[in-house]
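Engineer: Below is the file model-v2.pdb, with PDB, C-alpha atoms.
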```pdb
ATOM      1  CA  MET B 499     -80.052  -4.950  43.568
ATOM      2  CA  THR B 500     -79.529  -1.859  45.736
ATOM      3  CA  HIS B 501     -78.243  -3.510  48.921
ATOM      4  CA  LEU B 502     -75.513  -6.133  49.243
ATOM      5  CA  SER B 503     -75.430  -7.823  52.631
ATOM      6  CA  ASP B 504     -76.149 -11.244  54.133
ATOM      7  CA  ASP B 505     -79.827 -10.676  53.272
ATOM      8  CA  THR B 506     -79.123 -10.427  49.533
ATOM      9  CA  PHE B 507     -75.966 -12.521  49.202
ATOM     10  CA  GLU B 508     -77.841 -15.494  47.710
ATOM     11  CA  THR B 509     -79.155 -13.380  44.839
ATOM     12  CA  PHE B 510     -75.707 -11.900  44.238
ATOM     13  CA  LEU B 511     -74.016 -15.310  44.293
ATOM     14  CA  ALA B 512     -76.474 -16.933  41.897
ATOM     15  CA  ASN B 513     -76.161 -14.026  39.476
ATOM     16  CA  LEU B 514     -72.368 -13.939  39.626
ATOM     17  CA  LEU B 515     -72.046 -17.661  38.940
ATOM     18  CA  ASN B 516     -74.268 -17.391  35.877
ATOM     19  CA  GLN B 517     -73.204 -14.064  34.357
ATOM     20  CA  GLU B 518     -69.983 -12.947  32.746
ATOM     21  CA  VAL B 519     -70.561  -9.339  33.878
ATOM     22  CA  MET B 520     -71.907  -8.470  37.332
ATOM     23  CA  ASP B 521     -73.529  -5.043  37.368
ATOM     24  CA  LEU B 522     -73.370  -3.418  40.819
ATOM     25  CA  SER B 523     -73.975   0.104  39.534
ATOM     26  CA  GLU B 524     -77.272   0.525  41.409
ATOM     27  CA  VAL B 525     -75.942  -0.649  44.767
ATOM     28  CA  THR B 526     -76.292   2.069  47.420
ATOM     29  CA  PHE B 527     -75.249   0.030  50.473
ATOM     30  CA  ILE B 528     -72.664  -2.699  51.051
ATOM     31  CA  ASP B 529     -71.780  -4.040  54.496
ATOM     32  CA  PRO B 530     -68.696  -6.095  55.446
ATOM     33  CA  TYR B 531     -70.483  -9.347  54.559
ATOM     34  CA  GLY B 532     -71.208  -7.999  51.101
ATOM     35  CA  MET B 533     -67.640  -6.777  50.583
ATOM     36  CA  VAL B 534     -65.985  -9.977  51.785
ATOM     37  CA  GLY B 535     -68.607 -12.025  49.928
ATOM     38  CA  ILE B 536     -67.745 -10.357  46.629
ATOM     39  CA  LEU B 537     -64.055 -11.111  47.097
ATOM     40  CA  GLU B 538     -64.565 -14.719  48.169
ATOM     41  CA  ALA B 539     -66.991 -15.377  45.313
ATOM     42  CA  GLY B 540     -64.437 -13.949  42.891
ATOM     43  CA  ARG B 541     -61.672 -16.032  44.443
ATOM     44  CA  TYR B 542     -63.827 -19.146  44.121
ATOM     45  CA  LEU B 543     -64.413 -18.522  40.414
ATOM     46  CA  VAL B 544     -60.763 -17.668  39.708
ATOM     47  CA  SER B 545     -59.770 -20.991  41.287
ATOM     48  CA  ASP B 546     -61.883 -22.565  38.518
ATOM     49  CA  ASN B 547     -60.283 -20.309  35.866
ATOM     50  CA  LYS B 548     -63.371 -18.107  35.603
ATOM     51  CA  LYS B 549     -62.578 -14.445  36.126
ATOM     52  CA  ARG B 550     -65.699 -12.306  36.082
ATOM     53  CA  THR B 551     -66.116  -8.625  35.239
ATOM     54  CA  ILE B 552     -67.869  -6.300  37.679
ATOM     55  CA  ILE B 553     -69.294  -2.833  37.201
ATOM     56  CA  LEU B 554     -68.715  -0.770  40.348
ATOM     57  CA  PRO B 555     -71.486   1.080  42.186
ATOM     58  CA  GLU B 556     -72.200   4.601  40.964
ATOM     59  CA  SER B 557     -72.770   5.853  44.518
ATOM     60  CA  GLU B 558     -69.783   7.936  45.664
ATOM     61  CA  ASP B 559     -70.512   7.099  49.308
ATOM     62  CA  VAL B 560     -70.375   3.372  48.593
ATOM     63  CA  LEU B 561     -67.124   3.755  46.655
ATOM     64  CA  LYS B 562     -65.614   5.725  49.536
ATOM     65  CA  TYR B 563     -66.502   2.980  52.011
ATOM     66  CA  LEU B 564     -65.150   0.296  49.705
ATOM     67  CA  GLU B 565     -61.895   2.224  49.415
ATOM     68  CA  ARG B 566     -61.741   2.870  53.163
ATOM     69  CA  MET B 567     -62.262  -0.848  53.842
ATOM     70  CA  ASP B 568     -59.313  -1.688  51.523
ATOM     71  CA  PHE B 569     -61.664  -3.570  49.190
ATOM     72  CA  PHE B 570     -59.734  -2.450  46.105
ATOM     73  CA  ARG B 571     -56.481  -3.937  47.413
ATOM     74  CA  PHE B 572     -57.799  -7.356  46.411
ATOM     75  CA  THR B 573     -60.177  -6.904  43.494
ATOM     76  CA  ASP B 574     -57.615  -7.114  40.681
ATOM     77  CA  CYS B 575     -56.750 -10.661  41.763
ATOM     78  CA  TYR B 576     -60.310 -11.872  41.262
ATOM     79  CA  PHE B 577     -62.111  -9.517  38.882
ATOM     80  CA  ASN B 578     -61.860  -7.384  35.810
ATOM     81  CA  ILE B 579     -63.167  -3.935  36.770
ATOM     82  CA  MET B 580     -65.173  -2.306  33.989
ATOM     83  CA  SER B 581     -65.541   1.084  35.679
ATOM     84  CA  GLU B 582     -62.706   3.220  37.015
ATOM     85  CA  LYS B 583     -61.661   2.992  40.630
ATOM     86  CA  PRO B 584     -62.355   6.090  42.711
ATOM     87  CA  ALA B 585     -59.614   8.657  43.379
ATOM     88  CA  LEU B 586     -59.935   9.681  47.035
ATOM     89  CA  SER B 587     -57.682  11.712  49.287
ATOM     90  CA  ASP B 588     -55.539  10.137  51.993
ATOM     91  CA  LYS B 589     -57.210  12.454  54.479
ATOM     92  CA  TYR B 590     -60.543  10.766  53.868
ATOM     93  CA  LEU B 591     -59.124   7.259  53.725
ATOM     94  CA  ARG B 592     -57.690   7.353  57.235
ATOM     95  CA  SER B 593     -60.012   9.835  58.911
ATOM     96  CA  SER B 594     -59.974   9.734  62.713
ATOM     97  CA  PHE B 595     -63.783   9.844  62.555
ATOM     98  CA  SER B 596     -63.973   6.541  60.692
ATOM     99  CA  ASP B 597     -66.296   3.804  61.977
ATOM    100  CA  VAL B 598     -64.041   1.038  60.650
ATOM    101  CA  LEU B 599     -62.880  -1.415  63.294
ATOM    102  CA  LEU B 600     -60.990  -3.531  60.794
ATOM    103  CA  GLU B 601     -60.362  -3.140  57.092
ATOM    104  CA  ILE B 602     -60.790  -6.263  54.959
ATOM    105  CA  THR B 603     -57.868  -8.405  56.096
ATOM    106  CA  PRO B 604     -56.618 -11.802  54.890
ATOM    107  CA  ILE B 605     -56.426 -14.734  57.312
ATOM    108  CA  SER B 606     -53.920 -17.411  56.387
ATOM    109  CA  LYS B 607     -51.842 -18.059  59.510
ATOM    110  CA  SER B 608     -51.962 -17.620  63.287
ATOM    111  CA  ASP B 609     -49.856 -14.446  63.126
ATOM    112  CA  ASP B 610     -52.662 -12.827  61.130
ATOM    113  CA  ILE B 611     -55.048 -13.353  64.057
ATOM    114  CA  HIS B 612     -52.647 -11.637  66.473
ATOM    115  CA  PHE B 613     -52.427  -8.695  64.084
ATOM    116  CA  ILE B 614     -56.221  -8.578  63.660
ATOM    117  CA  THR B 615     -57.087  -8.686  67.341
ATOM    118  CA  GLY B 616     -54.366  -6.162  68.148
ATOM    119  CA  ARG B 617     -55.634  -3.672  65.586
ATOM    120  CA  VAL B 618     -59.266  -4.124  66.644
ATOM    121  CA  ARG B 619     -58.379  -3.688  70.309
ATOM    122  CA  LYS B 620     -56.751  -0.340  69.532
ATOM    123  CA  ARG B 621     -59.951   0.916  67.926
ATOM    124  CA  ALA B 622     -62.440  -0.914  70.145
ATOM    125  CA  HIS B 623     -62.665   1.626  72.953
ATOM    126  CA  LYS B 624     -63.361   4.526  70.630
ATOM    127  CA  ILE B 625     -66.021   2.685  68.668
ATOM    128  CA  LEU B 626     -67.442  -0.037  70.941
ATOM    129  CA  ALA B 627     -67.466   2.043  74.101
ATOM    130  CA  LYS B 628     -68.653   5.261  72.475
ATOM    131  CA  HIS B 629     -71.243   3.930  70.023
ATOM    132  CA  LEU B 630     -72.319   0.581  71.496
ATOM    133  CA  HIS B 631     -71.741   1.528  75.175
ATOM    134  CA  TYR B 632     -69.775  -1.663  75.832
ATOM    135  CA  ASP B 633     -67.814  -1.866  79.080
ATOM    136  CA  GLU B 634     -64.350  -3.379  79.478
ATOM    137  CA  ARG B 635     -65.723  -6.880  80.039
ATOM    138  CA  ALA B 636     -67.839  -6.709  76.882
ATOM    139  CA  ILE B 637     -64.925  -5.409  74.819
ATOM    140  CA  ASP B 638     -62.744  -8.268  76.060
ATOM    141  CA  GLY B 639     -65.511 -10.708  75.120
ATOM    142  CA  PHE B 640     -65.736  -9.111  71.688
ATOM    143  CA  ILE B 641     -62.004  -9.613  71.100
ATOM    144  CA  VAL B 642     -62.194 -13.248  72.234
ATOM    145  CA  ALA B 643     -65.194 -13.937  69.959
ATOM    146  CA  LEU B 644     -63.406 -12.347  67.002
ATOM    147  CA  SER B 645     -60.297 -14.412  67.675
ATOM    148  CA  GLU B 646     -62.342 -17.612  67.825
ATOM    149  CA  VAL B 647     -64.159 -17.130  64.500
ATOM    150  CA  CYS B 648     -60.870 -16.258  62.792
ATOM    151  CA  GLN B 649     -59.105 -19.210  64.425
ATOM    152  CA  ASN B 650     -61.725 -21.514  62.907
ATOM    153  CA  ILE B 651     -60.199 -20.811  59.500
ATOM    154  CA  ILE B 652     -56.736 -21.839  60.698
ATOM    155  CA  GLU B 653     -57.966 -24.870  62.668
ATOM    156  CA  HIS B 654     -60.601 -26.310  60.356
ATOM    157  CA  SER B 655     -60.871 -24.917  56.852
ATOM    158  CA  GLY B 656     -57.679 -26.095  55.190
ATOM    159  CA  ASN B 657     -57.804 -22.818  53.267
ATOM    160  CA  THR B 658     -57.523 -19.070  53.798
ATOM    161  CA  GLY B 659     -60.109 -16.351  54.310
ATOM    162  CA  TYR B 660     -60.980 -12.713  54.920
ATOM    163  CA  VAL B 661     -62.447 -10.693  57.767
ATOM    164  CA  GLY B 662     -63.933  -7.174  57.880
ATOM    165  CA  ILE B 663     -65.627  -5.195  60.683
ATOM    166  CA  GLN B 664     -67.504  -1.912  60.679
ATOM    167  CA  LYS B 665     -69.938   0.100  62.797
ATOM    168  CA  TYR B 666     -73.193   1.284  61.224
ATOM    169  CA  HIS B 667     -76.253   3.194  62.298
ATOM    170  CA  PHE B 668     -79.089   0.747  61.685
ATOM    171  CA  GLN B 669     -81.825   3.142  60.593
ATOM    172  CA  LYS B 670     -84.664   0.619  60.720
ATOM    173  CA  ILE B 671     -84.265   0.283  64.473
ATOM    174  CA  SER B 672     -82.457   3.586  65.163
ATOM    175  CA  ARG B 673     -79.552   1.824  66.857
ATOM    176  CA  ASN B 674     -75.851   1.460  66.222
ATOM    177  CA  VAL B 675     -74.601  -2.013  65.308
ATOM    178  CA  VAL B 676     -71.221  -3.536  64.630
ATOM    179  CA  LYS B 677     -71.065  -6.042  61.789
ATOM    180  CA  ILE B 678     -68.385  -8.734  61.577
ATOM    181  CA  ALA B 679     -67.934 -10.824  58.439
ATOM    182  CA  VAL B 680     -65.549 -13.792  58.330
ATOM    183  CA  MET B 681     -65.351 -16.114  55.320
ATOM    184  CA  ASP B 682     -63.158 -18.853  53.911
ATOM    185  CA  LEU B 683     -63.184 -21.247  50.943
ATOM    186  CA  GLY B 684     -62.221 -24.318  52.920
ATOM    187  CA  ILE B 685     -63.725 -27.759  53.428
ATOM    188  CA  GLY B 686     -66.847 -26.496  55.207
ATOM    189  CA  PHE B 687     -68.632 -27.737  58.324
ATOM    190  CA  LYS B 688     -69.986 -30.977  56.886
ATOM    191  CA  LYS B 689     -66.658 -32.360  55.714
ATOM    192  CA  SER B 690     -64.869 -31.096  58.827
ATOM    193  CA  LEU B 691     -67.224 -32.827  61.268
ATOM    194  CA  SER B 692     -67.572 -35.918  59.062
ATOM    195  CA  GLU B 693     -63.979 -36.757  59.939
ATOM    196  CA  ARG B 694     -65.230 -37.607  63.426
ATOM    197  CA  ILE B 695     -68.986 -38.328  63.362
ATOM    198  CA  SER B 696     -71.781 -39.138  60.918
ATOM    199  CA  ILE B 697     -73.266 -35.978  59.386
ATOM    200  CA  ASN B 698     -76.449 -35.996  57.321
ATOM    201  CA  ASN B 699     -76.155 -32.668  55.510
ATOM    202  CA  ASP B 700     -74.853 -29.102  55.725
ATOM    203  CA  ILE B 701     -77.561 -27.789  58.080
ATOM    204  CA  ASP B 702     -77.005 -30.752  60.409
ATOM    205  CA  ALA B 703     -73.290 -29.956  60.527
ATOM    206  CA  ILE B 704     -73.822 -26.255  61.279
ATOM    207  CA  GLU B 705     -76.317 -27.062  64.041
ATOM    208  CA  LYS B 706     -73.944 -29.498  65.682
ATOM    209  CA  ALA B 707     -71.082 -26.997  65.586
ATOM    210  CA  LEU B 708     -72.962 -23.861  66.631
ATOM    211  CA  LEU B 709     -75.708 -25.189  68.901
ATOM    212  CA  GLN B 710     -74.062 -28.291  70.354
ATOM    213  CA  GLY B 711     -70.448 -27.129  70.397
ATOM    214  CA  MET B 712     -69.284 -30.175  68.475
ATOM    215  CA  SER B 713     -65.848 -30.226  66.868
ATOM    216  CA  ARG B 714     -63.778 -32.372  64.550
ATOM    217  CA  TYR B 715     -61.313 -32.602  67.465
ATOM    218  CA  LYS B 716     -61.837 -34.677  70.596
ATOM    219  CA  ASP B 717     -59.235 -32.653  72.493
ATOM    220  CA  ILE B 718     -60.691 -30.423  75.179
ATOM    221  CA  GLY B 719     -60.155 -26.782  74.284
ATOM    222  CA  ARG B 720     -59.715 -27.350  70.556
ATOM    223  CA  GLY B 721     -62.359 -26.492  68.017
ATOM    224  CA  HIS B 722     -65.114 -25.515  70.439
ATOM    225  CA  GLY B 723     -64.808 -21.786  69.873
ATOM    226  CA  LEU B 724     -68.147 -21.338  68.101
ATOM    227  CA  ALA B 725     -70.027 -22.340  71.238
ATOM    228  CA  ALA B 726     -68.230 -19.557  73.126
ATOM    229  CA  VAL B 727     -68.976 -17.119  70.297
ATOM    230  CA  ARG B 728     -72.671 -18.075  70.421
ATOM    231  CA  ARG B 729     -72.783 -17.472  74.184
ATOM    232  CA  PHE B 730     -71.196 -14.037  73.784
ATOM    233  CA  VAL B 731     -73.531 -13.055  70.954
ATOM    234  CA  ASN B 732     -76.565 -14.240  72.940
ATOM    235  CA  GLN B 733     -75.408 -12.371  76.033
ATOM    236  CA  TRP B 734     -75.369  -9.090  74.109
ATOM    237  CA  LYS B 735     -78.544  -9.898  72.176
ATOM    238  CA  GLY B 736     -76.744 -10.065  68.853
ATOM    239  CA  LYS B 737     -77.357 -12.006  65.654
ATOM    240  CA  ILE B 738     -75.117 -14.703  64.241
ATOM    241  CA  SER B 739     -75.510 -16.472  60.903
ATOM    242  CA  ILE B 740     -73.390 -19.287  59.517
ATOM    243  CA  ARG B 741     -73.550 -20.395  55.904
ATOM    244  CA  SER B 742     -71.724 -23.459  54.638
ATOM    245  CA  GLY B 743     -72.178 -25.521  51.508
ATOM    246  CA  THR B 744     -75.867 -25.290  50.670
ATOM    247  CA  ALA B 745     -77.292 -24.281  54.063
ATOM    248  CA  LYS B 746     -77.475 -21.367  56.463
ATOM    249  CA  LEU B 747     -78.374 -21.266  60.162
ATOM    250  CA  SER B 748     -79.122 -18.035  62.043
ATOM    251  CA  ILE B 749     -79.787 -17.112  65.648
ATOM    252  CA  ILE B 750     -82.061 -14.088  65.432
ATOM    253  CA  PRO B 751     -82.838 -11.704  68.323
ATOM    254  CA  GLU B 752     -86.117  -9.804  68.640
ATOM    255  CA  TRP B 753     -84.757  -6.531  67.244
ATOM    256  CA  THR B 754     -83.943  -7.905  63.808
ATOM    257  CA  TRP B 755     -85.311 -10.429  61.305
ATOM    258  CA  GLY B 756     -84.454 -13.267  58.964
ATOM    259  CA  LYS B 757     -84.901 -17.005  58.483
ATOM    260  CA  GLU B 758     -83.531 -19.330  61.127
ATOM    261  CA  LYS B 759     -82.851 -22.192  58.708
ATOM    262  CA  GLU B 760     -82.215 -22.127  54.975
ATOM    263  CA  THR B 761     -81.406 -25.182  52.871
ATOM    264  CA  ASP B 762     -80.993 -26.016  49.185
ATOM    265  CA  LEU B 763     -78.999 -22.832  48.617
ATOM    266  CA  THR B 764     -76.516 -22.360  45.780
ATOM    267  CA  PHE B 765     -73.439 -24.376  46.692
ATOM    268  CA  PHE B 766     -70.565 -22.280  47.966
ATOM    269  CA  PRO B 767     -67.500 -23.835  49.637
ATOM    270  CA  GLY B 768     -66.134 -23.128  53.080
ATOM    271  CA  ALA B 769     -67.903 -21.114  55.760
ATOM    272  CA  GLN B 770     -69.404 -17.643  55.770
ATOM    273  CA  ILE B 771     -70.048 -16.125  59.206
ATOM    274  CA  ASN B 772     -71.963 -12.934  59.896
ATOM    275  CA  ILE B 773     -72.274 -11.374  63.366
ATOM    276  CA  MET B 774     -74.285  -8.255  64.274
ATOM    277  CA  LEU B 775     -73.936  -6.719  67.737
ATOM    278  CA  PRO B 776     -76.274  -3.880  68.813
ATOM    279  CA  GLU B 777     -75.665  -1.008  71.173
ATOM    280  CA  VAL B 778     -76.858  -1.543  74.737
TER     281      VAL B 778
END
```
Please lay out the structure from this file as structure tokens.
Structural biologist:
Amino acid sequence: MTHLSDDTFETFLANLLNQEVMDLSEVTFIDPYGMVGILEAGRYLVSDNKKRTIILPESEDVLKYLERMDFFRFTDCYFNIMSEKPALSDKYLRSSFSDVLLEITPISKSDDIHFITGRVRKRAHKILAKHLHYDERAIDGFIVALSEVCQNIIEHSGNTGYVGIQKYHFQKISRNVVKIAVMDLGIGFKKSLSERISINNDIDAIEKALLQGMSRYKDIGRGHGLAAVRRFVNQWKGKISIRSGTAKLSIIPEWTWGKEKETDLTFFPGAQINIMLPEV
């Protein structure tokens, strides 16, 4: 495996669950979904008293990005690291030229969301306006969408999670994109919605939440945030994918690719959300 992102997460997850040592030495690219996915997979295994060993990527560029995204702040809790962590200068770690909108950040309470949106807003103009050409209205919509997907963890999961955001140059289409990854190890969409309505399976639950705006709550204004997120992502021709349990549903614009529906995946608890927003 040379890339670790939402496209290859299933392979990574299956391997990690079945191997004592996960070799990432050949990885040359990891996006926020890959970084957060590694941590959440490790946290899931540790909760079952299974602490895996990982071999870090050999690529210096990948190690620098992992360090810059604060990935190594959390690894010791969930993994044994076979290779040494990189020694990088503070100057690099907090460079003013960084494309990081938000380092990997835990979400466990409402105050965390205020911190997250505040930090992203401070960096949004430099990155979203300069690289994605978003205007003030779009930036405000971005902040609202981010707040909603994070709030889902507080409102629905019954657990905690992580979020990470970064800007990349997407070479395959020669455009800049911002990638948002939000994950938790909570009860998942099926169990959450089953408290209110009959749900057949994981893909049914995700469809009802994302496409129909359904919530476990009857109260107006509570739990309907994903519908607003979907509208924002569609407006800016972005991609959104939601994985929960054994299924994954994606809304895919013309400029990118992927499967719209995936079922019978390796079981993984909670919800894993990936959003990609392109420059305009």
Engineer: Would you compute the distance between atom CA of Leu724 of chain B and atom CA of Asp700 of chain B? Give it in Å to one decimal.
Structural biologist: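 The value is 16.1 Å.
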Engineer: Exactly which residues make up the result of the PyMOL selection byres ((chain B and resi 528) around 12) on this file, given as a PyMOL selection string?
Structural biologist: chain B and resi 499-507+510+522-527+529-536+554-555+557+559-565+567+569+662+664+666+677+679
Engineer: Counting only C-alpha atoms, which of B:Gly723, B:Gly686, B:Gly639, B:Gly736 gets nearest to Gly656 of chain B?
Structural biologist: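 Of B:Gly723, B:Gly686, B:Gly639, B:Gly736, the one nearest Gly656 of chain B is B:Gly686, counting only C-alpha atoms.
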Engineer: Give me, as CSV, the closest atom pair and its distance (Å, one decimal) for every residue of segment 644-708 of chain B within a cut-off of 9 Å of segment 745-749 of chain B, counting only C-alpha atoms, rows sorted by chain and rising number.
Structural biologist:
```
residue,atom,partner,partner_atom,distance
B:Asn699,CA,B:Ala745,CA,8.6
B:Asp700,CA,B:Ala745,CA,5.7
B:Ile701,CA,B:Ala745,CA,5.3
B:Ile704,CA,B:Leu747,CA,6.8
B:Glu705,CA,B:Leu747,CA,7.3
B:Leu708,CA,B:Leu747,CA,8.8
```
Engineer: Return as a list of chain:residue names the set of residues that the PyMOL selection byres ((chain B and resi 513-517) around 10) yields on the displayed structure.
Structural biologist: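 With the shown file as input, the PyMOL selection byres ((chain B and resi 513-517) around 10) matches B:Phe507, B:Glu508, B:Thr509, B:Phe510, B:Leu511, B:Ala512, B:Glu518, B:Val519, B:Met520, B:Asp521, B:Ile536, B:Ala539, B:Gly540, B:Tyr542, B:Leu543, B:Lys548, B:Arg550, B:Thr551, B:Ile552, B:Thr764.
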Engineer: For the atom pair atom CA of Glu758 of chain B and atom CA of Ile695 of chain B, what is the interatomic distance in Å to one decimal place?
Structural biologist: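 So the two atoms, atom CA of Glu758 of chain B and atom CA of Ile695 of chain B, lie 24.0 Å apart.
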Engineer: For Ala707 of chain B, please output as an MDAnalysis selection string all residues within 12 Å (counting all atoms listed in the file; exclusion window: fewer than 2 positions along the same chain).
Structural biologist: chainID B and resid 650 654 686:688 690:692 695 697 700:705 709:715 721:728 740:742 747 769
